[in-house]
>>> print(open('input-v4.cif').read())   # mmCIF, C-alpha atoms
data_protein
loop_
_atom_site.label_atom_id
_atom_site.label_comp_id
_atom_site.auth_asym_id
_atom_site.auth_seq_id
_atom_site.Cartn_x
_atom_site.Cartn_y
_atom_site.Cartn_z
CA MET Q 1 61.62 -68.84 -71.10
CA GLY Q 2 64.92 -68.37 -72.96
CA ASP Q 3 66.57 -65.08 -72.22
CA GLU Q 4 69.45 -64.26 -74.52
CA VAL Q 5 71.72 -61.71 -72.84
CA ILE Q 6 74.88 -60.52 -74.54
CA LEU Q 7 77.25 -57.85 -73.25
CA LEU Q 8 79.45 -56.00 -75.72
CA ASP Q 9 82.28 -55.64 -73.28
CA LEU Q 10 85.75 -54.19 -72.72
CA TYR Q 11 87.95 -55.53 -69.94
CA PRO Q 12 89.40 -52.30 -68.47
CA SER Q 13 86.34 -50.08 -69.06
CA MET Q 14 84.72 -48.85 -65.83
CA TYR Q 15 81.47 -48.39 -67.72
CA ALA Q 16 81.46 -52.02 -68.80
CA MET Q 17 82.38 -53.02 -65.22
CA ARG Q 18 79.18 -51.36 -63.96
CA VAL Q 19 77.14 -53.66 -66.18
CA ARG Q 20 79.18 -56.76 -65.28
CA ILE Q 21 78.60 -56.02 -61.59
CA ALA Q 22 74.84 -55.51 -62.04
CA LEU Q 23 74.54 -58.75 -64.06
CA ALA Q 24 76.51 -60.59 -61.37
CA GLU Q 25 74.40 -59.11 -58.54
CA LYS Q 26 71.31 -60.44 -60.27
CA GLU Q 27 73.01 -63.73 -61.26
CA ILE Q 28 72.00 -63.26 -64.89
CA LYS Q 29 73.51 -65.77 -67.31
CA HIS Q 30 75.05 -63.88 -70.18
CA GLU Q 31 77.65 -64.02 -72.91
CA SER Q 32 80.42 -61.45 -72.83
CA LYS Q 33 81.83 -60.40 -76.20
CA GLU Q 34 85.08 -58.49 -75.78
CA GLN Q 35 85.18 -55.65 -78.32
CA ASP Q 36 87.98 -54.04 -80.30
CA VAL Q 37 87.27 -50.34 -79.87
CA VAL Q 38 89.76 -49.33 -82.56
CA ASN Q 39 88.45 -51.62 -85.32
CA LYS Q 40 84.83 -51.69 -84.26
CA SER Q 41 82.75 -54.72 -85.11
CA GLN Q 42 79.67 -54.48 -87.31
CA LEU Q 43 77.71 -55.78 -84.31
CA LEU Q 44 78.81 -52.84 -82.15
CA LEU Q 45 78.09 -50.34 -84.92
CA ASP Q 46 74.64 -51.86 -85.50
CA MET Q 47 73.78 -52.04 -81.80
CA ASN Q 48 75.00 -48.53 -80.92
CA PRO Q 49 74.89 -46.50 -84.13
CA VAL Q 50 74.64 -43.15 -82.31
CA HIS Q 51 77.69 -43.37 -80.03
CA LYS Q 52 79.45 -46.51 -81.35
CA LYS Q 53 80.65 -47.25 -77.81
CA ILE Q 54 80.68 -50.05 -75.28
CA PRO Q 55 79.07 -51.22 -73.12
CA VAL Q 56 75.95 -52.39 -74.95
CA LEU Q 57 73.58 -54.93 -73.45
CA VAL Q 58 71.73 -56.94 -76.07
CA HIS Q 59 68.64 -58.55 -74.53
CA ASN Q 60 66.80 -60.91 -76.85
CA GLY Q 61 68.26 -58.98 -79.77
CA GLN Q 62 67.33 -55.51 -78.45
CA PRO Q 63 70.20 -53.16 -77.61
CA ILE Q 64 70.41 -51.00 -74.51
CA CYS Q 65 73.22 -48.43 -74.39
CA GLU Q 66 74.88 -46.16 -71.80
CA SER Q 67 76.08 -47.90 -68.64
CA LEU Q 68 73.80 -46.27 -66.04
CA ILE Q 69 70.78 -46.74 -68.32
CA ILE Q 70 71.73 -50.41 -68.74
CA VAL Q 71 72.04 -50.85 -64.94
CA GLN Q 72 68.57 -49.31 -64.44
CA TYR Q 73 67.17 -51.58 -67.15
CA ILE Q 74 68.71 -54.67 -65.49
CA ASP Q 75 67.24 -53.56 -62.14
CA GLU Q 76 63.75 -53.12 -63.63
CA VAL Q 77 63.67 -56.34 -65.66
CA TRP Q 78 65.28 -58.75 -63.17
CA THR Q 79 63.53 -58.01 -59.90
CA HIS Q 80 64.03 -61.40 -58.22
CA LYS Q 81 67.05 -60.30 -56.17
CA SER Q 82 69.41 -57.48 -55.21
CA PRO Q 83 67.32 -54.39 -55.89
CA LEU Q 84 69.80 -51.68 -56.86
CA LEU Q 85 67.58 -48.61 -56.87
CA PRO Q 86 65.41 -47.58 -53.91
CA SER Q 87 61.67 -47.99 -54.38
CA ASP Q 88 60.52 -44.57 -53.24
CA PRO Q 89 60.78 -41.72 -55.73
CA TYR Q 90 62.73 -39.32 -53.48
CA HIS Q 91 65.52 -41.74 -52.62
CA LYS Q 92 65.55 -42.93 -56.22
CA ALA Q 93 66.05 -39.31 -57.32
CA ARG Q 94 68.95 -38.92 -54.87
CA ALA Q 95 70.57 -42.13 -56.14
CA ARG Q 96 70.23 -40.95 -59.75
CA PHE Q 97 71.70 -37.57 -58.80
CA TRP Q 98 74.82 -39.07 -57.26
CA ALA Q 99 75.36 -41.63 -60.02
CA ASP Q 100 75.08 -38.78 -62.50
CA PHE Q 101 77.55 -36.77 -60.36
CA VAL Q 102 80.11 -39.57 -60.81
CA ASP Q 103 79.71 -39.25 -64.59
CA LYS Q 104 79.77 -35.45 -64.59
CA LYS Q 105 82.48 -34.72 -62.02
CA VAL Q 106 84.68 -37.81 -61.53
CA SER Q 107 85.03 -39.31 -65.03
CA ASP Q 108 86.67 -36.46 -66.86
CA PRO Q 109 89.23 -35.35 -64.22
CA ALA Q 110 90.08 -39.05 -63.68
CA ARG Q 111 90.79 -39.44 -67.38
CA ARG Q 112 92.98 -36.33 -67.44
CA ILE Q 113 95.12 -37.69 -64.58
CA TRP Q 114 96.56 -40.42 -66.82
CA LEU Q 115 96.34 -38.39 -70.03
CA LYS Q 116 97.95 -35.10 -69.00
CA LYS Q 117 101.19 -33.80 -67.55
CA GLY Q 118 102.40 -30.71 -65.66
CA GLU Q 119 99.88 -28.00 -64.83
CA GLU Q 120 96.96 -29.82 -66.48
CA LEU Q 121 97.70 -32.92 -64.39
CA GLU Q 122 97.71 -30.88 -61.16
CA ILE Q 123 94.36 -29.30 -62.07
CA ALA Q 124 92.91 -32.75 -62.84
CA LYS Q 125 94.09 -34.14 -59.49
CA LYS Q 126 92.55 -31.21 -57.63
CA GLU Q 127 89.17 -31.61 -59.39
CA PHE Q 128 89.25 -35.38 -58.88
CA ILE Q 129 89.90 -35.13 -55.13
CA GLU Q 130 87.25 -32.40 -54.73
CA ALA Q 131 84.68 -34.64 -56.38
CA LEU Q 132 85.69 -37.66 -54.27
CA LYS Q 133 85.42 -35.56 -51.09
CA LEU Q 134 81.85 -34.58 -52.01
CA LEU Q 135 81.06 -38.26 -52.54
CA GLU Q 136 82.61 -39.03 -49.15
CA GLY Q 137 80.26 -36.44 -47.64
CA GLU Q 138 77.30 -38.19 -49.22
CA LEU Q 139 78.51 -41.61 -48.00
CA GLY Q 140 78.83 -40.29 -44.44
CA ASP Q 141 79.03 -43.16 -41.97
CA LYS Q 142 76.93 -45.52 -44.08
CA THR Q 143 78.40 -48.86 -45.19
CA TYR Q 144 77.33 -48.28 -48.76
CA PHE Q 145 75.91 -45.31 -50.67
CA GLY Q 146 72.75 -47.42 -50.71
CA GLY Q 147 72.71 -47.49 -46.87
CA ASP Q 148 73.17 -50.96 -45.47
CA LYS Q 149 72.59 -52.42 -48.93
CA PHE Q 150 74.87 -52.24 -51.97
CA GLY Q 151 73.05 -50.09 -54.54
CA PHE Q 152 73.02 -48.00 -57.69
CA VAL Q 153 75.55 -45.35 -56.64
CA ASP Q 154 77.93 -48.04 -55.34
CA VAL Q 155 77.72 -49.74 -58.77
CA ALA Q 156 78.32 -46.40 -60.50
CA LEU Q 157 81.45 -45.55 -58.51
CA ILE Q 158 83.19 -48.81 -57.55
CA PRO Q 159 84.69 -49.45 -61.03
CA PHE Q 160 86.80 -46.31 -60.62
CA TYR Q 161 88.30 -47.96 -57.50
CA SER Q 162 90.04 -50.48 -59.77
CA TRP Q 163 91.72 -47.53 -61.49
CA PHE Q 164 92.86 -45.81 -58.26
CA GLU Q 165 96.32 -47.38 -58.39
CA THR Q 166 96.69 -46.06 -61.94
CA TYR Q 167 95.67 -42.53 -60.93
CA GLU Q 168 98.00 -42.61 -57.91
CA THR Q 169 100.93 -43.78 -60.03
CA CYS Q 170 100.34 -41.26 -62.85
CA GLY Q 171 99.57 -38.42 -60.46
CA ASN Q 172 102.08 -39.31 -57.75
CA PHE Q 173 99.64 -38.95 -54.90
CA SER Q 174 97.71 -41.06 -52.40
CA ILE Q 175 93.94 -41.10 -52.64
CA GLU Q 176 93.70 -42.65 -49.16
CA GLU Q 177 95.43 -39.61 -47.68
CA HIS Q 178 92.65 -37.37 -48.95
CA CYS Q 179 89.68 -39.74 -48.83
CA PRO Q 180 90.21 -42.50 -46.25
CA THR Q 181 86.47 -43.22 -45.85
CA LEU Q 182 86.12 -43.87 -49.54
CA ILE Q 183 89.00 -46.38 -49.46
CA THR Q 184 87.28 -48.21 -46.60
CA TRP Q 185 84.08 -48.25 -48.67
CA GLY Q 186 86.01 -49.55 -51.70
CA LYS Q 187 87.51 -52.42 -49.70
CA LYS Q 188 84.07 -53.30 -48.34
CA CYS Q 189 82.60 -53.41 -51.86
CA MET Q 190 85.49 -55.57 -53.05
CA GLU Q 191 84.39 -58.25 -50.53
CA ARG Q 192 81.26 -58.77 -52.63
CA GLU Q 193 81.57 -61.57 -55.14
CA SER Q 194 79.78 -59.60 -57.83
CA VAL Q 195 82.39 -56.86 -57.52
CA HIS Q 196 85.66 -58.78 -57.22
CA LYS Q 197 84.65 -61.16 -60.01
CA SER Q 198 83.75 -58.28 -62.34
CA MET Q 199 86.68 -55.97 -61.78
CA PRO Q 200 90.14 -56.43 -63.28
CA ASP Q 201 93.31 -56.55 -61.18
CA PRO Q 202 94.32 -52.92 -60.51
CA LYS Q 203 97.95 -53.77 -61.30
CA LYS Q 204 96.95 -55.04 -64.74
CA ILE Q 205 95.09 -51.80 -65.43
CA CYS Q 206 98.10 -49.77 -64.31
CA GLU Q 207 100.41 -51.74 -66.61
CA PHE Q 208 97.97 -51.40 -69.49
CA VAL Q 209 97.69 -47.63 -69.06
CA LEU Q 210 101.41 -47.00 -68.56
CA ASN Q 211 102.72 -49.34 -71.27
CA ASP Q 212 99.92 -49.25 -73.81
CA LEU Q 213 97.23 -46.59 -73.54
CA ARG Q 214 99.46 -43.60 -72.78
CA LYS Q 215 101.74 -44.49 -75.71
CA LYS Q 216 98.71 -44.67 -77.96
CA TYR Q 217 97.71 -41.15 -76.90
CA GLY Q 218 101.26 -39.86 -77.20
CA VAL Q 219 101.76 -39.22 -73.49
CA GLU Q 220 105.35 -39.51 -72.33
CA MET T 1 49.02 -36.05 -46.84
CA SER T 2 50.35 -32.57 -47.35
CA ASP T 3 51.73 -31.92 -50.78
CA GLU T 4 53.68 -28.73 -50.59
CA VAL T 5 55.39 -28.22 -53.92
CA LYS T 6 57.72 -25.34 -54.65
CA LEU T 7 59.80 -24.66 -57.74
CA LEU T 8 62.95 -22.53 -57.65
CA ASP T 9 62.75 -21.06 -61.10
CA PHE T 10 64.15 -18.66 -63.68
CA TRP T 11 61.76 -17.59 -66.46
CA GLY T 12 64.31 -18.02 -69.26
CA SER T 13 65.75 -21.36 -68.14
CA PRO T 14 64.78 -24.11 -70.58
CA PHE T 15 65.58 -26.60 -67.81
CA ALA T 16 63.12 -24.97 -65.42
CA ALA T 17 60.61 -24.93 -68.31
CA ARG T 18 60.79 -28.75 -68.40
CA VAL T 19 59.65 -28.88 -64.79
CA ARG T 20 56.87 -26.30 -65.33
CA ILE T 21 55.57 -28.34 -68.28
CA ALA T 22 55.75 -31.67 -66.39
CA LEU T 23 53.92 -30.23 -63.36
CA ALA T 24 51.25 -28.79 -65.66
CA GLU T 25 50.86 -32.14 -67.45
CA LYS T 26 50.21 -33.78 -64.07
CA GLY T 27 47.93 -30.98 -62.85
CA VAL T 28 50.10 -30.42 -59.76
CA SER T 29 49.68 -27.09 -57.94
CA TYR T 30 52.88 -25.46 -56.87
CA GLU T 31 54.44 -22.24 -55.68
CA LEU T 32 56.90 -20.59 -58.04
CA GLN T 33 59.89 -18.79 -56.53
CA ALA T 34 61.70 -16.71 -59.14
CA GLU T 35 65.46 -16.68 -58.66
CA ASP T 36 67.72 -13.83 -59.71
CA ILE T 37 70.45 -15.98 -61.22
CA PHE T 38 72.53 -12.98 -62.33
CA GLY T 39 72.02 -10.77 -59.30
CA GLY T 40 72.00 -12.99 -56.24
CA LYS T 41 70.80 -16.51 -55.66
CA SER T 42 68.58 -17.09 -52.62
CA ASP T 43 69.83 -18.94 -49.53
CA LEU T 44 67.17 -21.55 -50.23
CA LEU T 45 68.64 -22.23 -53.68
CA LEU T 46 72.20 -22.40 -52.36
CA THR T 47 71.27 -24.77 -49.52
CA SER T 48 68.96 -27.00 -51.55
CA ASN T 49 71.38 -27.36 -54.47
CA PRO T 50 74.81 -26.87 -52.88
CA ILE T 51 76.68 -28.90 -55.54
CA TYR T 52 75.55 -27.02 -58.65
CA GLU T 53 73.76 -23.92 -57.19
CA LYS T 54 71.42 -23.90 -60.20
CA VAL T 55 67.74 -23.80 -61.03
CA PRO T 56 65.50 -25.67 -61.33
CA VAL T 57 65.08 -27.14 -57.87
CA LEU T 58 61.84 -28.86 -56.93
CA LEU T 59 61.05 -28.83 -53.21
CA HIS T 60 58.45 -31.42 -52.29
CA ASP T 61 57.40 -31.10 -48.65
CA GLY T 62 60.74 -29.35 -48.13
CA LYS T 63 62.86 -32.11 -49.71
CA PRO T 64 64.90 -30.95 -52.71
CA VAL T 65 65.13 -32.74 -56.05
CA VAL T 66 67.63 -31.25 -58.50
CA GLU T 67 68.66 -31.63 -62.17
CA SER T 68 65.74 -31.12 -64.55
CA THR T 69 65.68 -34.60 -66.15
CA ASN T 70 65.86 -36.14 -62.69
CA ILE T 71 63.00 -33.87 -61.53
CA VAL T 72 60.80 -34.91 -64.46
CA TYR T 73 61.40 -38.60 -63.62
CA TYR T 74 60.51 -37.80 -60.00
CA ILE T 75 57.28 -35.99 -61.00
CA ASP T 76 56.22 -38.90 -63.22
CA GLU T 77 56.89 -41.45 -60.46
CA THR T 78 55.43 -39.46 -57.56
CA TRP T 79 52.21 -38.41 -59.27
CA SER T 80 51.93 -41.70 -61.12
CA THR T 81 48.13 -41.92 -60.91
CA GLN T 82 47.58 -38.29 -61.85
CA GLY T 83 47.60 -37.03 -65.44
CA PRO T 84 49.32 -38.89 -68.27
CA GLN T 85 52.20 -41.34 -67.76
CA LEU T 86 55.18 -39.53 -69.23
CA LEU T 87 57.55 -42.51 -69.43
CA PRO T 88 56.66 -45.66 -71.40
CA ALA T 89 55.27 -48.58 -69.41
CA CYS T 90 57.69 -51.24 -70.68
CA SER T 91 61.29 -51.50 -69.53
CA TYR T 92 62.78 -51.46 -73.02
CA GLY T 93 60.75 -48.39 -73.99
CA ARG T 94 61.95 -46.67 -70.82
CA ALA T 95 65.58 -47.54 -71.62
CA ARG T 96 65.18 -46.06 -75.12
CA ALA T 97 63.58 -42.91 -73.66
CA ARG T 98 66.41 -42.56 -71.14
CA PHE T 99 68.98 -43.04 -73.91
CA TRP T 100 67.56 -40.18 -75.99
CA ALA T 101 67.14 -38.02 -72.86
CA ASP T 102 70.84 -38.54 -72.17
CA PHE T 103 71.68 -37.68 -75.81
CA ILE T 104 69.56 -34.52 -75.66
CA ASP T 105 71.09 -33.51 -72.31
CA LYS T 106 74.66 -34.06 -73.48
CA LYS T 107 74.34 -32.36 -76.85
CA VAL T 108 71.56 -29.87 -77.50
CA PHE T 109 71.99 -26.95 -75.09
CA ASP T 110 75.80 -26.94 -75.00
CA THR T 111 76.08 -27.04 -78.80
CA GLY T 112 73.47 -24.28 -79.00
CA CYS T 113 75.54 -22.22 -76.56
CA ASN T 114 78.58 -22.67 -78.80
CA ILE T 115 76.54 -21.15 -81.63
CA TRP T 116 75.53 -17.93 -79.89
CA LYS T 117 78.86 -17.60 -78.07
CA GLY T 118 81.02 -18.54 -81.04
CA GLN T 119 82.56 -16.55 -83.84
CA GLY T 120 84.08 -17.44 -87.19
CA GLU T 121 85.39 -21.01 -87.38
CA GLU T 122 83.99 -21.99 -83.95
CA LEU T 123 80.53 -20.78 -84.91
CA GLU T 124 80.57 -22.73 -88.18
CA LEU T 125 81.66 -25.90 -86.39
CA ALA T 126 78.96 -25.49 -83.73
CA LYS T 127 76.31 -24.88 -86.40
CA LYS T 128 77.38 -28.02 -88.28
CA GLU T 129 77.27 -30.03 -85.06
CA PHE T 130 73.82 -28.70 -84.16
CA ILE T 131 72.41 -29.59 -87.58
CA ASP T 132 73.85 -33.09 -87.20
CA ILE T 133 72.13 -33.37 -83.79
CA LEU T 134 68.84 -32.24 -85.38
CA LYS T 135 69.16 -34.95 -88.01
CA LYS T 136 69.66 -37.62 -85.32
CA LEU T 137 66.63 -36.32 -83.40
CA ASP T 138 64.68 -36.27 -86.67
CA GLY T 139 65.57 -39.94 -87.13
CA ALA T 140 64.55 -40.80 -83.58
CA LEU T 141 61.13 -39.16 -84.09
CA GLY T 142 60.54 -41.12 -87.28
CA ASP T 143 56.97 -40.85 -88.47
CA LYS T 144 55.47 -40.54 -85.00
CA ASP T 145 53.52 -37.48 -83.88
CA TYR T 146 55.50 -37.32 -80.66
CA TYR T 147 58.62 -38.95 -79.23
CA GLY T 148 56.16 -40.65 -76.88
CA GLY T 149 54.39 -42.23 -79.89
CA ASP T 150 50.85 -41.02 -80.35
CA LYS T 151 51.03 -39.32 -76.94
CA PHE T 152 53.09 -36.39 -75.69
CA GLY T 153 55.63 -37.93 -73.31
CA PHE T 154 58.87 -37.67 -71.41
CA LEU T 155 61.20 -36.88 -74.32
CA ASP T 156 58.73 -34.38 -75.74
CA VAL T 157 58.80 -32.52 -72.38
CA LEU T 158 62.60 -32.48 -72.30
CA LEU T 159 63.12 -31.35 -75.89
CA ILE T 160 60.24 -28.89 -76.35
CA ALA T 161 61.54 -26.96 -73.35
CA LEU T 162 64.99 -26.66 -74.96
CA SER T 163 63.36 -25.58 -78.24
CA SER T 164 62.52 -22.23 -76.61
CA TRP T 165 66.18 -21.32 -77.29
CA PHE T 166 66.17 -22.49 -80.95
CA LEU T 167 65.15 -19.08 -82.30
CA ALA T 168 68.32 -17.64 -80.74
CA TYR T 169 70.44 -20.41 -82.34
CA GLU T 170 68.78 -19.71 -85.71
CA LYS T 171 69.44 -15.98 -85.38
CA TYR T 172 73.13 -16.26 -84.46
CA GLY T 173 73.79 -19.37 -86.54
CA GLY T 174 72.13 -18.18 -89.72
CA PHE T 175 69.96 -21.24 -90.37
CA THR T 176 66.37 -22.32 -89.80
CA ILE T 177 65.01 -25.47 -88.16
CA GLU T 178 62.32 -25.56 -90.87
CA GLU T 179 64.95 -25.89 -93.58
CA GLU T 180 67.17 -28.37 -91.76
CA SER T 181 64.37 -30.55 -90.40
CA PRO T 182 60.78 -29.76 -91.40
CA LYS T 183 59.75 -32.78 -89.31
CA ILE T 184 61.19 -31.30 -86.08
CA ALA T 185 59.67 -27.91 -86.98
CA ALA T 186 56.25 -29.58 -87.38
CA TRP T 187 56.71 -31.47 -84.09
CA MET T 188 57.57 -28.16 -82.35
CA LYS T 189 54.38 -26.58 -83.70
CA ARG T 190 52.32 -29.61 -82.62
CA CYS T 191 53.71 -29.54 -79.06
CA SER T 192 53.29 -25.77 -78.78
CA GLU T 193 49.53 -26.23 -79.01
CA ARG T 194 49.43 -28.14 -75.71
CA ALA T 195 48.19 -26.17 -72.71
CA SER T 196 51.10 -27.30 -70.55
CA VAL T 197 53.60 -26.07 -73.13
CA VAL T 198 51.77 -22.76 -73.71
CA LYS T 199 51.87 -22.24 -69.95
CA GLY T 200 55.41 -23.47 -69.27
CA LEU T 201 57.53 -22.38 -72.21
CA PRO T 202 59.26 -18.99 -72.19
CA ASP T 203 58.62 -16.76 -75.20
CA SER T 204 61.30 -17.38 -77.86
CA GLN T 205 61.60 -13.68 -78.72
CA GLN T 206 62.22 -12.81 -75.08
CA VAL T 207 64.80 -15.60 -74.88
CA CYS T 208 66.51 -14.11 -77.94
CA GLU T 209 66.71 -10.75 -76.15
CA LEU T 210 68.04 -12.52 -73.04
CA VAL T 211 70.77 -14.16 -75.14
CA GLY T 212 71.62 -10.73 -76.57
CA THR T 213 72.00 -9.41 -73.01
CA ILE T 214 74.21 -12.34 -72.01
CA ARG T 215 76.35 -11.80 -75.12
CA LYS T 216 76.82 -8.15 -74.12
CA MET T 217 77.82 -9.31 -70.61
CA HIS T 218 80.48 -11.55 -72.17
CA GLY T 219 81.70 -8.75 -74.43
CA LEU T 220 80.47 -10.51 -77.56
CA GLU T 221 78.58 -7.49 -78.89
#
>>> encode(input="input-v4.cif", output="structure tokens")
Amino acid sequence: MGDEVILLDLYPSMYAMRVRIALAEKEIKHESKEQDVVNKSQLLLDMNPVHKKIPVLVHNGQPICESLIIVQYIDEVWTHKSPLLPSDPYHKARARFWADFVDKKVSDPARRIWLKKGEELEIAKKEFIEALKLLEGELGDKTYFGGDKFGFVDVALIPFYSWFETYETCGNFSIEEHCPTLITWGKKCMERESVHKSMPDPKKICEFVLNDLRKKYGVE
Amino acid sequence: MSDEVKLLDFWGSPFAARVRIALAEKGVSYELQAEDIFGGKSDLLLTSNPIYEKVPVLLHDGKPVVESTNIVYYIDETWSTQGPQLLPACSYGRARARFWADFIDKKVFDTGCNIWKGQGEELELAKKEFIDILKKLDGALGDKDYYGGDKFGFLDVLLIALSSWFLAYEKYGGFTIEEESPKIAAWMKRCSERASVVKGLPDSQQVCELVGTIRKMHGLE
């Protein structure tokens, strides 16, 4: 059975990283097509007409959009290894809750750390650390958010780990000082092949944000 | 197996309405605990949803499930052999349903809020955005009777619950759903005939009055 899997991708995007990690966990052969998000390709516009954003997974010509939805799809279709979501409804609901928490409470403050200055930057840092502390509480003394197995919430959050150096540089603070357990968790996840192969070098992201992205957004 | 089901609820919450409709679709008996979200939230609400402190919360044998869309998924998966299947059976269909659920959750209620909270330029922008959202939802419905196809399903539950606030948006926005999307208006009428929706949806007029009260609280009238 031929399975054509294409990922409309973007190297530094944490949302695209989630999909890369899930595909790697499941060892799914796929083609990655790096996208230009300024001059968007017709393919991207056709595959995601509503949001016009990456990542998009195209499976046998059918598009699936939104990173967490794509990860769930991958988990449901390719069941031969590495289950990412728990099988019982209650633990599945908890996993969905915390993955959604990352999107609701981590994403936006994280973005504002590299985008803003002064008072707005301080507010962003505070919100970001508060959110990470709540995640640390949920992690507890487990190896992964999934327990002893790498799972859905780990996939949702670990891409932000590759941006930690960027946040620390822009915000002039140490995440480890506030959230040491989360750093330990991050290092553990990075030992997994699916993770370290899918995530860019944090230094490269930092350079990209400081020299490129911030200029583009007029941040100086 | 004991199946103790309790819903921490507020009559006017369109998010709690989703859960009431889903439970009714599955024929699940439950205890309703009305929360006073303006006066004082119960200890049970604050301890079972410490992150957001909001309704709805579903307590199943004492274990809390929060966030309305999440709760509806949970209900469909837990009572999978009871009542209709709300989510499609195939993985691609489920991904599409989740996509539109995410769109609805990100856009509909917040834009609606900007209508009844807004004034002048802000109000006009919010109204324009809401109409654009309606057009996208119109497109997603296509020529089907329901978002679930020929059967009332997951997306229908999520959106019909939010539609209980549409009368308020129409009133403060100065537009009608019928004019902007007769297809969505017809879908709303079709869904409103279902027993689960009759039972679970708050009365639109009463919601309108509630919105008026909230506006007074915010000094908007």
>>> resolve_selection(input="input-v4.cif", expression="the PyMOL selection byres ((chain T and resi 203-212) around 6)", output="list in words")
Ser164, Ala168, Pro202, Thr213, Ile214 and Arg215 of chain T
>>> resolve_selection(input="input-v4.cif", expression="the PyMOL selection byres ((chain T) within 8 of (chain Q))", output="ChimeraX atom specification")
/T:65-67,70-71,73-74,77-78,91-92,95-96,98-99
>>> write_last_selection(input="input-v4.cif", atoms="C-alpha atoms", output="compact mmCIF listing (two decimals), keeping the file's coordinate frame")
# COMPACT_ATOMS: atom_id res chain seq x y z
CA VAL T 65 65.13 -32.74 -56.05
CA VAL T 66 67.63 -31.25 -58.50
CA GLU T 67 68.66 -31.63 -62.17
CA ASN T 70 65.86 -36.14 -62.69
CA ILE T 71 63.00 -33.87 -61.53
CA TYR T 73 61.40 -38.60 -63.62
CA TYR T 74 60.51 -37.80 -60.00
CA GLU T 77 56.89 -41.45 -60.46
CA THR T 78 55.43 -39.46 -57.56
CA SER T 91 61.29 -51.50 -69.53
CA TYR T 92 62.78 -51.46 -73.02
CA ALA T 95 65.58 -47.54 -71.62
CA ARG T 96 65.18 -46.06 -75.12
CA ARG T 98 66.41 -42.56 -71.14
CA PHE T 99 68.98 -43.04 -73.91
>>> residues_around(input="input-v4.cif", residues="Q:Lys187", least_positions_apart="4", cutoff="10 Å", atoms="all atoms listed in the file", output="MDAnalysis selection string")
chainID Q and resid 158 161 182:183 191:192
>>> atom_distance(input="input-v4.cif", atom1="atom CA of T:Val108", atom2="atom CA of T:Leu32")
26.1 Å
>>> atom_distance(input="input-v4.cif", atom1="atom CA of T:Glu122", atom2="atom CA of T:Gly12")
24.9 Å
>>> residues_near_point(input="input-v4.cif", point="(65.3, -35.2, -86.0)", cutoff="10 Å", atoms="only C-alpha atoms", output="PyMOL selection string")
chain T and resi 131-142+177+180-185+187
>>> write_last_selection(input="input-v4.cif", atoms="C-alpha atoms", output="PDB file, in the frame of the given file")
ATOM      1  CA  ILE T 131      72.410 -29.590 -87.580  1.00  0.00           C
ATOM      2  CA  ASP T 132      73.850 -33.090 -87.200  1.00  0.00           C
ATOM      3  CA  ILE T 133      72.130 -33.370 -83.790  1.00  0.00           C
ATOM      4  CA  LEU T 134      68.840 -32.240 -85.380  1.00  0.00           C
ATOM      5  CA  LYS T 135      69.160 -34.950 -88.010  1.00  0.00           C
ATOM      6  CA  LYS T 136      69.660 -37.620 -85.320  1.00  0.00           C
ATOM      7  CA  LEU T 137      66.630 -36.320 -83.400  1.00  0.00           C
ATOM      8  CA  ASP T 138      64.680 -36.270 -86.670  1.00  0.00           C
ATOM      9  CA  GLY T 139      65.570 -39.940 -87.130  1.00  0.00           C
ATOM     10  CA  ALA T 140      64.550 -40.800 -83.580  1.00  0.00           C
ATOM     11  CA  LEU T 141      61.130 -39.160 -84.090  1.00  0.00           C
ATOM     12  CA  GLY T 142      60.540 -41.120 -87.280  1.00  0.00           C
ATOM     13  CA  ILE T 177      65.010 -25.470 -88.160  1.00  0.00           C
ATOM     14  CA  GLU T 180      67.170 -28.370 -91.760  1.00  0.00           C
ATOM     15  CA  SER T 181      64.370 -30.550 -90.400  1.00  0.00           C
ATOM     16  CA  PRO T 182      60.780 -29.760 -91.400  1.00  0.00           C
ATOM     17  CA  LYS T 183      59.750 -32.780 -89.310  1.00  0.00           C
ATOM     18  CA  ILE T 184      61.190 -31.300 -86.080  1.00  0.00           C
ATOM     19  CA  ALA T 185      59.670 -27.910 -86.980  1.00  0.00           C
ATOM     20  CA  TRP T 187      56.710 -31.470 -84.090  1.00  0.00           C
TER      21      TRP T 187
END
>>> atom_distance(input="input-v4.cif", atom1="atom CA of T:Ile160", atom2="atom CA of T:Met188")
6.6 Å
>>> axis_aligned_box(input="input-v4.cif", around="stretch 103-113 of chain Q", padding_each_side="4 Å", output="AutoDock Vina command-line options")
--center_x 87.4 --center_y -37.1 --center_z -64.5 --size_x 23.4 --size_y 12.7 --size_z 13.9
>>> residues_around(input="input-v4.cif", residues="Q:Thr166", least_positions_apart="2", cutoff="12 Å", atoms="all atoms listed in the file", output="ChimeraX atom specification")
/Q:12,110-115,160-164,168-175,201-211,213-214
>>> resolve_selection(input="input-v4.cif", expression="the PyMOL selection byres ((chain T and resi 28) around 12)", output="list in words")
Asp3, Glu4, Val5, Lys6, Leu7, Val19, Arg20, Ile21, Ala22, Leu23, Ala24, Glu25, Lys26, Gly27, Ser29, Tyr30, Glu31, His60, Ile75, Asp76, Thr78, Trp79, Ser80, Thr81, Gln82, Gly83 and Ser196 of chain T
>>> residues_near_point(input="input-v4.cif", point="(79.9, -44.1, -59.6)", cutoff="8 Å", atoms="all atoms listed in the file", output="list in words")
Trp98, Ala99, Asp100, Phe101, Val102, Asp103, Val153, Asp154, Val155, Ala156, Leu157, Ile158, Pro159 and Phe160 of chain Q
